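Asks: What follows is the file upload.cif, containing mmCIF, N, CA and C atoms:
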```cif
data_protein
#
loop_
_atom_site.label_atom_id
_atom_site.label_comp_id
_atom_site.auth_asym_id
_atom_site.auth_seq_id
_atom_site.Cartn_x
_atom_site.Cartn_y
_atom_site.Cartn_z
N MET L 22 -23.58 2.58 16.73
CA MET L 22 -23.78 1.50 15.80
C MET L 22 -23.20 0.22 16.39
N LYS L 23 -23.94 -0.86 16.29
CA LYS L 23 -23.45 -2.16 16.73
C LYS L 23 -22.47 -2.72 15.70
N ILE L 24 -21.46 -3.39 16.17
CA ILE L 24 -20.44 -3.96 15.31
C ILE L 24 -20.78 -5.41 15.03
N GLU L 25 -20.56 -5.84 13.81
CA GLU L 25 -20.76 -7.25 13.46
C GLU L 25 -19.42 -7.97 13.52
N LEU L 26 -19.42 -9.13 14.13
CA LEU L 26 -18.20 -9.92 14.22
C LEU L 26 -17.97 -10.65 12.91
N VAL L 27 -16.70 -10.74 12.51
CA VAL L 27 -16.41 -11.34 11.21
C VAL L 27 -15.69 -12.67 11.29
N ASP L 28 -15.38 -13.15 12.48
CA ASP L 28 -14.75 -14.47 12.56
C ASP L 28 -15.13 -15.16 13.86
N GLN L 29 -14.84 -16.44 13.93
CA GLN L 29 -15.24 -17.26 15.07
C GLN L 29 -14.33 -17.09 16.28
N TYR L 30 -13.24 -16.36 16.14
CA TYR L 30 -12.30 -16.18 17.24
C TYR L 30 -12.45 -14.85 17.94
N THR L 31 -13.54 -14.17 17.69
CA THR L 31 -13.78 -12.85 18.25
C THR L 31 -15.08 -12.84 19.02
N ASP L 32 -15.11 -12.09 20.14
CA ASP L 32 -16.32 -11.94 20.91
C ASP L 32 -16.40 -10.50 21.39
N PHE L 33 -17.59 -10.09 21.80
CA PHE L 33 -17.82 -8.75 22.30
C PHE L 33 -17.51 -8.65 23.79
N PHE L 34 -17.11 -7.45 24.21
CA PHE L 34 -17.14 -7.13 25.64
C PHE L 34 -17.94 -5.85 25.81
N ASP L 35 -18.59 -5.74 26.96
CA ASP L 35 -19.35 -4.54 27.31
C ASP L 35 -18.63 -3.72 28.37
N ASP L 36 -17.81 -4.39 29.17
CA ASP L 36 -17.04 -3.74 30.23
C ASP L 36 -15.79 -4.59 30.46
N ILE L 37 -14.82 -4.02 31.13
CA ILE L 37 -13.62 -4.77 31.54
C ILE L 37 -13.46 -4.56 33.04
N TRP L 38 -13.28 -5.66 33.74
CA TRP L 38 -13.05 -5.62 35.18
C TRP L 38 -11.67 -6.19 35.48
N VAL L 39 -11.05 -5.70 36.55
CA VAL L 39 -9.76 -6.20 37.01
C VAL L 39 -9.94 -6.72 38.43
N TYR L 40 -9.60 -8.01 38.62
CA TYR L 40 -9.65 -8.60 39.96
C TYR L 40 -8.93 -9.94 39.98
N ARG L 41 -8.70 -10.43 41.19
CA ARG L 41 -8.13 -11.74 41.41
C ARG L 41 -9.26 -12.66 41.83
N SER L 42 -9.45 -13.77 41.12
CA SER L 42 -10.60 -14.64 41.38
C SER L 42 -10.39 -15.57 42.58
N GLY L 43 -9.18 -15.71 43.04
CA GLY L 43 -8.90 -16.54 44.21
C GLY L 43 -7.52 -16.20 44.75
N GLU L 44 -7.27 -16.60 45.99
CA GLU L 44 -6.01 -16.25 46.63
C GLU L 44 -4.78 -16.69 45.85
N GLU L 45 -4.84 -17.86 45.27
CA GLU L 45 -3.69 -18.41 44.54
C GLU L 45 -3.69 -18.04 43.06
N GLN L 46 -4.70 -17.31 42.61
CA GLN L 46 -4.82 -16.94 41.21
C GLN L 46 -4.17 -15.58 40.95
N PRO L 47 -3.59 -15.39 39.77
CA PRO L 47 -3.09 -14.05 39.44
C PRO L 47 -4.26 -13.11 39.15
N CYS L 48 -4.00 -11.84 39.21
CA CYS L 48 -4.98 -10.83 38.81
C CYS L 48 -5.07 -10.84 37.29
N TYR L 49 -6.28 -10.77 36.78
CA TYR L 49 -6.52 -10.69 35.34
C TYR L 49 -7.48 -9.55 35.04
N MET L 50 -7.44 -9.10 33.79
CA MET L 50 -8.53 -8.29 33.26
C MET L 50 -9.56 -9.29 32.75
N TYR L 51 -10.82 -8.99 32.98
CA TYR L 51 -11.91 -9.86 32.53
C TYR L 51 -12.79 -9.11 31.55
N ALA L 52 -13.05 -9.74 30.41
CA ALA L 52 -14.04 -9.23 29.47
C ALA L 52 -15.41 -9.57 30.05
N VAL L 53 -16.26 -8.58 30.18
CA VAL L 53 -17.57 -8.78 30.78
C VAL L 53 -18.63 -8.55 29.70
N ASN L 54 -19.51 -9.55 29.57
CA ASN L 54 -20.66 -9.41 28.68
C ASN L 54 -21.82 -10.17 29.29
N GLU L 55 -22.93 -10.30 28.54
CA GLU L 55 -24.13 -10.92 29.12
C GLU L 55 -23.92 -12.38 29.50
N ARG L 56 -22.89 -13.03 28.98
CA ARG L 56 -22.64 -14.43 29.32
C ARG L 56 -21.72 -14.60 30.52
N GLY L 57 -21.17 -13.52 31.03
CA GLY L 57 -20.32 -13.62 32.22
C GLY L 57 -18.99 -12.93 32.05
N HIS L 58 -17.99 -13.44 32.78
CA HIS L 58 -16.65 -12.86 32.83
C HIS L 58 -15.66 -13.87 32.24
N THR L 59 -14.81 -13.42 31.33
CA THR L 59 -13.79 -14.28 30.74
C THR L 59 -12.45 -13.60 30.90
N PRO L 60 -11.46 -14.29 31.48
CA PRO L 60 -10.15 -13.65 31.65
C PRO L 60 -9.48 -13.33 30.32
N ILE L 61 -8.87 -12.17 30.27
CA ILE L 61 -8.05 -11.76 29.13
C ILE L 61 -6.62 -11.84 29.62
N ALA L 62 -5.95 -12.90 29.26
CA ALA L 62 -4.60 -13.14 29.78
C ALA L 62 -3.55 -12.93 28.70
N HIS L 63 -2.32 -13.14 29.08
CA HIS L 63 -1.19 -13.16 28.16
C HIS L 63 -0.93 -11.82 27.50
N ASN L 64 -0.85 -10.76 28.28
CA ASN L 64 -0.44 -9.44 27.79
C ASN L 64 -1.15 -9.02 26.50
N PRO L 65 -2.41 -8.66 26.59
CA PRO L 65 -3.15 -8.31 25.37
C PRO L 65 -2.61 -7.06 24.69
N VAL L 66 -2.71 -7.04 23.39
CA VAL L 66 -2.38 -5.87 22.59
C VAL L 66 -3.67 -5.07 22.44
N LEU L 67 -3.57 -3.78 22.60
CA LEU L 67 -4.72 -2.88 22.55
C LEU L 67 -4.67 -2.09 21.25
N THR L 68 -5.76 -2.08 20.52
CA THR L 68 -5.81 -1.31 19.27
C THR L 68 -7.15 -0.57 19.19
N ASP L 69 -7.19 0.43 18.32
CA ASP L 69 -8.40 1.26 18.23
C ASP L 69 -9.19 1.00 16.95
N SER L 70 -9.05 -0.19 16.37
CA SER L 70 -9.87 -0.48 15.21
C SER L 70 -10.14 -1.98 15.10
N TYR L 71 -11.22 -2.30 14.43
CA TYR L 71 -11.60 -3.67 14.14
C TYR L 71 -12.34 -3.66 12.82
N ASN L 72 -11.86 -4.42 11.86
CA ASN L 72 -12.53 -4.52 10.56
C ASN L 72 -12.79 -3.13 9.96
N HIS L 73 -11.79 -2.24 10.09
CA HIS L 73 -11.83 -0.87 9.56
C HIS L 73 -12.89 0.00 10.22
N ILE L 74 -13.29 -0.35 11.44
CA ILE L 74 -14.25 0.45 12.22
C ILE L 74 -13.53 0.93 13.47
N THR L 75 -13.71 2.19 13.84
CA THR L 75 -13.09 2.70 15.06
C THR L 75 -13.85 2.16 16.26
N THR L 76 -13.16 1.38 17.04
CA THR L 76 -13.68 0.80 18.27
C THR L 76 -12.47 0.39 19.09
N ILE L 77 -12.65 -0.47 20.07
CA ILE L 77 -11.53 -0.96 20.87
C ILE L 77 -11.46 -2.46 20.71
N MET L 78 -10.25 -2.96 20.47
CA MET L 78 -10.04 -4.41 20.37
C MET L 78 -8.84 -4.79 21.21
N LEU L 79 -9.00 -5.86 21.97
CA LEU L 79 -7.92 -6.45 22.76
C LEU L 79 -7.57 -7.79 22.13
N MET L 80 -6.29 -8.01 21.91
CA MET L 80 -5.85 -9.26 21.28
C MET L 80 -4.82 -9.95 22.19
N PRO L 81 -5.26 -10.88 23.02
CA PRO L 81 -4.31 -11.65 23.82
C PRO L 81 -3.52 -12.59 22.91
N GLN L 82 -2.42 -13.09 23.43
CA GLN L 82 -1.56 -13.97 22.65
C GLN L 82 -2.20 -15.32 22.32
N ASN L 83 -3.31 -15.67 22.97
CA ASN L 83 -3.92 -16.97 22.72
C ASN L 83 -4.80 -16.99 21.48
N GLY L 84 -4.88 -15.89 20.76
CA GLY L 84 -5.59 -15.89 19.49
C GLY L 84 -7.01 -15.37 19.53
N CYS L 85 -7.65 -15.32 20.70
CA CYS L 85 -9.00 -14.77 20.81
C CYS L 85 -8.92 -13.25 20.76
N LYS L 86 -9.94 -12.62 20.22
CA LYS L 86 -10.00 -11.17 20.18
C LYS L 86 -11.27 -10.72 20.91
N TRP L 87 -11.16 -9.61 21.61
CA TRP L 87 -12.29 -9.04 22.32
C TRP L 87 -12.53 -7.65 21.76
N VAL L 88 -13.75 -7.40 21.31
CA VAL L 88 -14.10 -6.14 20.66
C VAL L 88 -15.21 -5.45 21.45
N LEU L 89 -15.03 -4.15 21.71
CA LEU L 89 -16.10 -3.36 22.31
C LEU L 89 -17.31 -3.42 21.39
N ARG L 90 -18.47 -3.63 21.99
CA ARG L 90 -19.69 -3.89 21.22
C ARG L 90 -20.06 -2.73 20.28
N ASN L 91 -19.73 -1.50 20.62
CA ASN L 91 -20.15 -0.35 19.82
C ASN L 91 -18.96 0.37 19.18
N ASN L 92 -19.23 1.05 18.06
CA ASN L 92 -18.18 1.85 17.46
C ASN L 92 -18.03 3.17 18.21
N LEU L 93 -16.91 3.84 18.03
CA LEU L 93 -16.59 5.08 18.73
C LEU L 93 -16.05 6.08 17.72
N ASP L 94 -16.03 7.34 18.11
CA ASP L 94 -15.27 8.28 17.29
C ASP L 94 -13.83 8.26 17.79
N PHE L 95 -12.93 8.92 17.09
CA PHE L 95 -11.51 8.82 17.40
C PHE L 95 -11.19 9.28 18.82
N GLU L 96 -11.79 10.40 19.25
CA GLU L 96 -11.51 10.92 20.60
C GLU L 96 -11.99 9.95 21.68
N GLN L 97 -13.18 9.37 21.48
CA GLN L 97 -13.68 8.38 22.44
C GLN L 97 -12.76 7.17 22.50
N ALA L 98 -12.29 6.72 21.36
CA ALA L 98 -11.39 5.57 21.32
C ALA L 98 -10.12 5.84 22.12
N GLN L 99 -9.59 7.05 22.03
CA GLN L 99 -8.38 7.40 22.78
C GLN L 99 -8.64 7.36 24.29
N VAL L 100 -9.80 7.85 24.71
CA VAL L 100 -10.16 7.82 26.13
C VAL L 100 -10.27 6.37 26.61
N TYR L 101 -10.94 5.53 25.83
CA TYR L 101 -11.05 4.12 26.19
C TYR L 101 -9.67 3.48 26.28
N MET L 102 -8.82 3.73 25.29
CA MET L 102 -7.49 3.12 25.29
C MET L 102 -6.66 3.57 26.49
N ASP L 103 -6.73 4.85 26.83
CA ASP L 103 -6.00 5.34 27.99
C ASP L 103 -6.46 4.65 29.27
N ASN L 104 -7.76 4.50 29.42
CA ASN L 104 -8.29 3.88 30.63
C ASN L 104 -8.05 2.36 30.67
N ILE L 105 -8.09 1.70 29.54
CA ILE L 105 -7.76 0.27 29.53
C ILE L 105 -6.28 0.08 29.85
N SER L 106 -5.43 0.98 29.40
CA SER L 106 -4.01 0.91 29.76
C SER L 106 -3.83 1.06 31.27
N LYS L 107 -4.62 1.93 31.88
CA LYS L 107 -4.58 2.07 33.34
C LYS L 107 -4.97 0.76 34.02
N LEU L 108 -6.00 0.07 33.49
CA LEU L 108 -6.41 -1.21 34.05
C LEU L 108 -5.30 -2.25 33.91
N MET L 109 -4.63 -2.28 32.76
CA MET L 109 -3.53 -3.21 32.56
C MET L 109 -2.42 -2.97 33.59
N ASN L 110 -2.08 -1.70 33.79
CA ASN L 110 -1.05 -1.36 34.77
C ASN L 110 -1.47 -1.73 36.18
N ALA L 111 -2.73 -1.46 36.51
CA ALA L 111 -3.23 -1.80 37.85
C ALA L 111 -3.14 -3.30 38.09
N CYS L 112 -3.47 -4.09 37.08
CA CYS L 112 -3.41 -5.54 37.21
C CYS L 112 -1.98 -6.00 37.49
N GLU L 113 -1.02 -5.44 36.79
CA GLU L 113 0.39 -5.77 37.03
C GLU L 113 0.81 -5.40 38.44
N LEU L 114 0.40 -4.22 38.88
CA LEU L 114 0.76 -3.78 40.24
C LEU L 114 0.16 -4.70 41.29
N ILE L 115 -1.06 -5.15 41.08
CA ILE L 115 -1.69 -6.08 42.01
C ILE L 115 -0.91 -7.39 42.04
N ASN L 116 -0.52 -7.89 40.87
CA ASN L 116 0.25 -9.13 40.82
C ASN L 116 1.61 -9.01 41.50
N TRP L 117 2.19 -7.83 41.47
CA TRP L 117 3.48 -7.60 42.13
C TRP L 117 3.30 -7.13 43.58
N LYS L 118 2.05 -7.15 44.05
CA LYS L 118 1.71 -6.75 45.42
C LYS L 118 2.12 -5.31 45.73
N ARG L 119 1.98 -4.46 44.73
CA ARG L 119 2.28 -3.03 44.88
C ARG L 119 1.02 -2.18 44.82
N ALA L 120 -0.11 -2.86 44.83
CA ALA L 120 -1.41 -2.18 44.83
C ALA L 120 -2.36 -3.03 45.67
N PRO L 121 -3.41 -2.42 46.21
CA PRO L 121 -4.36 -3.18 47.03
C PRO L 121 -5.00 -4.32 46.24
N GLU L 122 -5.27 -5.41 46.93
CA GLU L 122 -5.95 -6.56 46.31
C GLU L 122 -7.32 -6.15 45.81
N ARG L 123 -7.75 -6.82 44.74
CA ARG L 123 -9.08 -6.61 44.18
C ARG L 123 -9.75 -7.96 44.02
N THR L 124 -10.97 -8.06 44.52
CA THR L 124 -11.78 -9.26 44.35
C THR L 124 -12.93 -8.89 43.42
N ILE L 125 -13.76 -9.84 43.09
CA ILE L 125 -14.90 -9.53 42.22
C ILE L 125 -15.80 -8.47 42.87
N GLU L 126 -15.86 -8.45 44.19
CA GLU L 126 -16.69 -7.46 44.89
C GLU L 126 -16.07 -6.06 44.86
N THR L 127 -14.75 -5.98 44.73
CA THR L 127 -14.07 -4.69 44.74
C THR L 127 -13.31 -4.44 43.43
N ALA L 128 -13.77 -5.04 42.36
CA ALA L 128 -13.08 -4.97 41.07
C ALA L 128 -12.94 -3.53 40.58
N LEU L 129 -11.82 -3.26 39.91
CA LEU L 129 -11.69 -2.03 39.14
C LEU L 129 -12.45 -2.24 37.85
N LYS L 130 -13.21 -1.25 37.44
CA LYS L 130 -14.07 -1.41 36.25
C LYS L 130 -13.83 -0.27 35.26
N LEU L 131 -13.75 -0.65 34.00
CA LEU L 131 -13.62 0.35 32.95
C LEU L 131 -14.76 1.34 33.00
N SER L 132 -15.98 0.85 33.21
CA SER L 132 -17.14 1.74 33.25
C SER L 132 -17.01 2.78 34.36
N ASP L 133 -16.40 2.42 35.49
CA ASP L 133 -16.20 3.39 36.57
C ASP L 133 -15.17 4.46 36.17
N LEU L 134 -14.10 4.01 35.50
CA LEU L 134 -13.10 4.97 35.05
C LEU L 134 -13.66 5.93 34.01
N LEU L 135 -14.56 5.43 33.19
CA LEU L 135 -15.17 6.26 32.16
C LEU L 135 -16.30 7.13 32.70
N GLY L 136 -16.79 6.80 33.91
CA GLY L 136 -17.83 7.59 34.54
C GLY L 136 -19.24 7.26 34.10
N HIS L 137 -19.44 6.05 33.56
CA HIS L 137 -20.79 5.64 33.16
C HIS L 137 -20.88 4.14 33.16
N THR L 138 -22.09 3.65 33.02
CA THR L 138 -22.29 2.21 32.90
C THR L 138 -22.65 1.89 31.47
N PHE L 139 -22.41 0.67 31.07
CA PHE L 139 -22.66 0.26 29.69
C PHE L 139 -24.09 -0.22 29.53
#
```
How does this structure look as structure tokens?

Replies:
Amino acid sequence: MKIELVDQYTDFFDDIWVYRSGEEQPCYMYAVNERGHTPIAHNPVLTDSYNHITTIMLMPQNGCKWVLRNNLDFEQAQVYMDNISKLMNACELINWKRAPERTIETALKLSDLLGHTF
């Protein structure tokens, strides 16, 4: 089922990628949808619901919310949350130079961790 957005500060994501966009830029997680890539910065909070629907929502400190386009069952939501947590950790390790660099060409992708494409 497709989720309907209920406010102007929320947008959909279809995938999440982790990469550094330039040598001097920090590594970010990027919300990926049909309009492109938008960085999700400022230590997002990860939750498994939006508007009383089981899905995935990321809430960065800047007030924007990113919601997975489709609803999930509880077990699927847990798998998504575990893998997004792995992406968050990978991004931190890249920023601390404790993991290999990632560019847009070599980005870590949620869809790859989940074993499918969106």

Asks: Report as JSON, numbers by chain all protein, DNA and RNA residues lying within 10 Å of Ser70 in chain L, evaluated on only C-alpha atoms, omitting residues in the same chain fewer than 6 positions from it.

Replies: {"L": [76, 77, 78, 79, 88, 89, 92, 93, 95, 98]}

Asks: Can you spell out as a list in words the set of residues that the PyMOL selection byres ((chain L and resi 109-119) around 8) selects in the structure I just provided?

Replies: Val39, Tyr40, Gln46, Pro47, Cys48, Tyr49, Met50, Asp103, Asn104, Ile105, Ser106, Lys107, Leu108, Ala120, Pro121, Glu122 and Arg123 of chain L

Asks: Pick from L:Asp69, L:Asp94, L:Glu126, L:Glu55: nearest to Arg41 in chain L, with only C-alpha atoms counted?

Replies: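 Checking each of L:Asp69, L:Asp94, L:Glu126, L:Glu55 against Arg41 in chain L, counting only C-alpha atoms, the winner is L:Glu126.
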
Asks: Per DSSP on the backbone, filter range 58-131 of chain L down to the residues in strand (DSSP E) and report them as a list in words.

Replies: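 Matching residues, listed in order: His58, Thr59, Pro60, Ile61, Val66, Leu67, Thr68, Asp69, Ser70, Tyr71, Ile74, Thr75, Thr76, Ile77, Met78, Leu79, Met80, Lys86, Trp87, Val88, Leu89, Leu129 and Lys130 of chain L.
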
Asks: Return the single residue from L:Val53, L:Trp38, L:Leu129, L:Leu135 that is closest to Gln97 in chain L, with distances computed using only C-alpha atoms.

Replies: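 Closest residue, counting only C-alpha atoms: L:Leu135.
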
Asks: Let me make sure I understand: among L:Thr75, L:Thr59, L:Asn91, L:Asn83, which one has the smallest atom-to-atom distance to Ile24 in chain L if we use all atoms listed in the file?

Replies: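 Under the stated criterion, the closest residue is L:Asn91.
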
Asks: Identify, on the basis of all atoms listed in the file, every residue whose closest approach to Cys85 in chain L does not exceed 6.5 Å; exclude the query and any residue fewer than 3 positions from it along the same chain; express the result as a list of chain:residue names.

Replies: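 Near neighbours after the sequence-gap exclusion: L:Tyr30, L:Thr31, L:Asp32, L:Leu79, L:Met80, L:Pro81, L:Gln82.
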
Asks: Please produce a file of the residues just selected, as an mmCIF file, keeping the file's coordinate frame, where the atoms kept are N, CA and C atoms.

Replies:
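File written: again32.cif
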```
data_model
loop_
_atom_site.group_PDB
_atom_site.id
_atom_site.type_symbol
_atom_site.label_atom_id
_atom_site.label_comp_id
_atom_site.auth_asym_id
_atom_site.auth_seq_id
_atom_site.Cartn_x
_atom_site.Cartn_y
_atom_site.Cartn_z
ATOM 1 N N TYR L 30 -13.240 -16.360 16.140
ATOM 2 C CA TYR L 30 -12.300 -16.180 17.240
ATOM 3 C C TYR L 30 -12.450 -14.850 17.940
ATOM 4 N N THR L 31 -13.540 -14.170 17.690
ATOM 5 C CA THR L 31 -13.780 -12.850 18.250
ATOM 6 C C THR L 31 -15.080 -12.840 19.020
ATOM 7 N N ASP L 32 -15.110 -12.090 20.140
ATOM 8 C CA ASP L 32 -16.320 -11.940 20.910
ATOM 9 C C ASP L 32 -16.400 -10.500 21.390
ATOM 10 N N LEU L 79 -9.000 -5.860 21.970
ATOM 11 C CA LEU L 79 -7.920 -6.450 22.760
ATOM 12 C C LEU L 79 -7.570 -7.790 22.130
ATOM 13 N N MET L 80 -6.290 -8.010 21.910
ATOM 14 C CA MET L 80 -5.850 -9.260 21.280
ATOM 15 C C MET L 80 -4.820 -9.950 22.190
ATOM 16 N N PRO L 81 -5.260 -10.880 23.020
ATOM 17 C CA PRO L 81 -4.310 -11.650 23.820
ATOM 18 C C PRO L 81 -3.520 -12.590 22.910
ATOM 19 N N GLN L 82 -2.420 -13.090 23.430
ATOM 20 C CA GLN L 82 -1.560 -13.970 22.650
ATOM 21 C C GLN L 82 -2.200 -15.320 22.320
#
```

Asks: Quick check, in Å to one decimal: how far apart do atom N of Ile74 in chain L and atom C of Ala128 in chain L lie?

Replies: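 One can read the atom N of Ile74 in chain L to atom C of Ala128 in chain L distance as 29.3 Å.
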
Asks: Out of L:Met102, L:Thr127, L:Tyr51, L:Glu45, which residue has the shortest atom-to-atom distance to Leu67 in chain L when counting all atoms listed in the file?

Replies: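 Comparing L:Met102, L:Thr127, L:Tyr51, L:Glu45 against Leu67 in chain L, the winner is L:Met102.
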
Asks: Please measure the separation of atom N of Asp133 in chain L and CA of Ala52 in chain L, giving the value in Å to one decimal.

Replies: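 Calculated distance between atom N of Asp133 in chain L and CA of Ala52 in chain L is 13.3 Å.
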
Asks: Just need the box for range 74-87 of chain L, edges along x, y and z, holding every atom the file lists for it with 3 Å tacked onto each side, so centre and edge lengths in Å to one decimal, as AutoDock Vina command-line options.

Replies:
```
--center_x -7.9 --center_y -7.1 --center_z 17.6 --size_x 18.7 --size_y 25.7 --size_z 18.4
```

Asks: So how many Å separate CA of Leu131 in chain L and CA of Arg56 in chain L, to one decimal?

Replies: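 Here the two named atoms are 17.7 Å from each other.
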
Asks: Find, counting only N, CA and C atoms, the residue in L:Lys86, L:His58, L:Lys130, L:Lys23 that gets nearest to Ile37 in chain L.

Replies: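 Ranked by minimum distance to Ile37 in chain L, first place goes to L:Lys130.
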
Asks: Between L:Ser132, L:Gln29, L:Ser42, L:Gln99, which is the closest to Thr68 in chain L once you count only C-alpha atoms?

Replies: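 Residue with the minimum atom-to-atom distance to Thr68 in chain L: L:Gln99.
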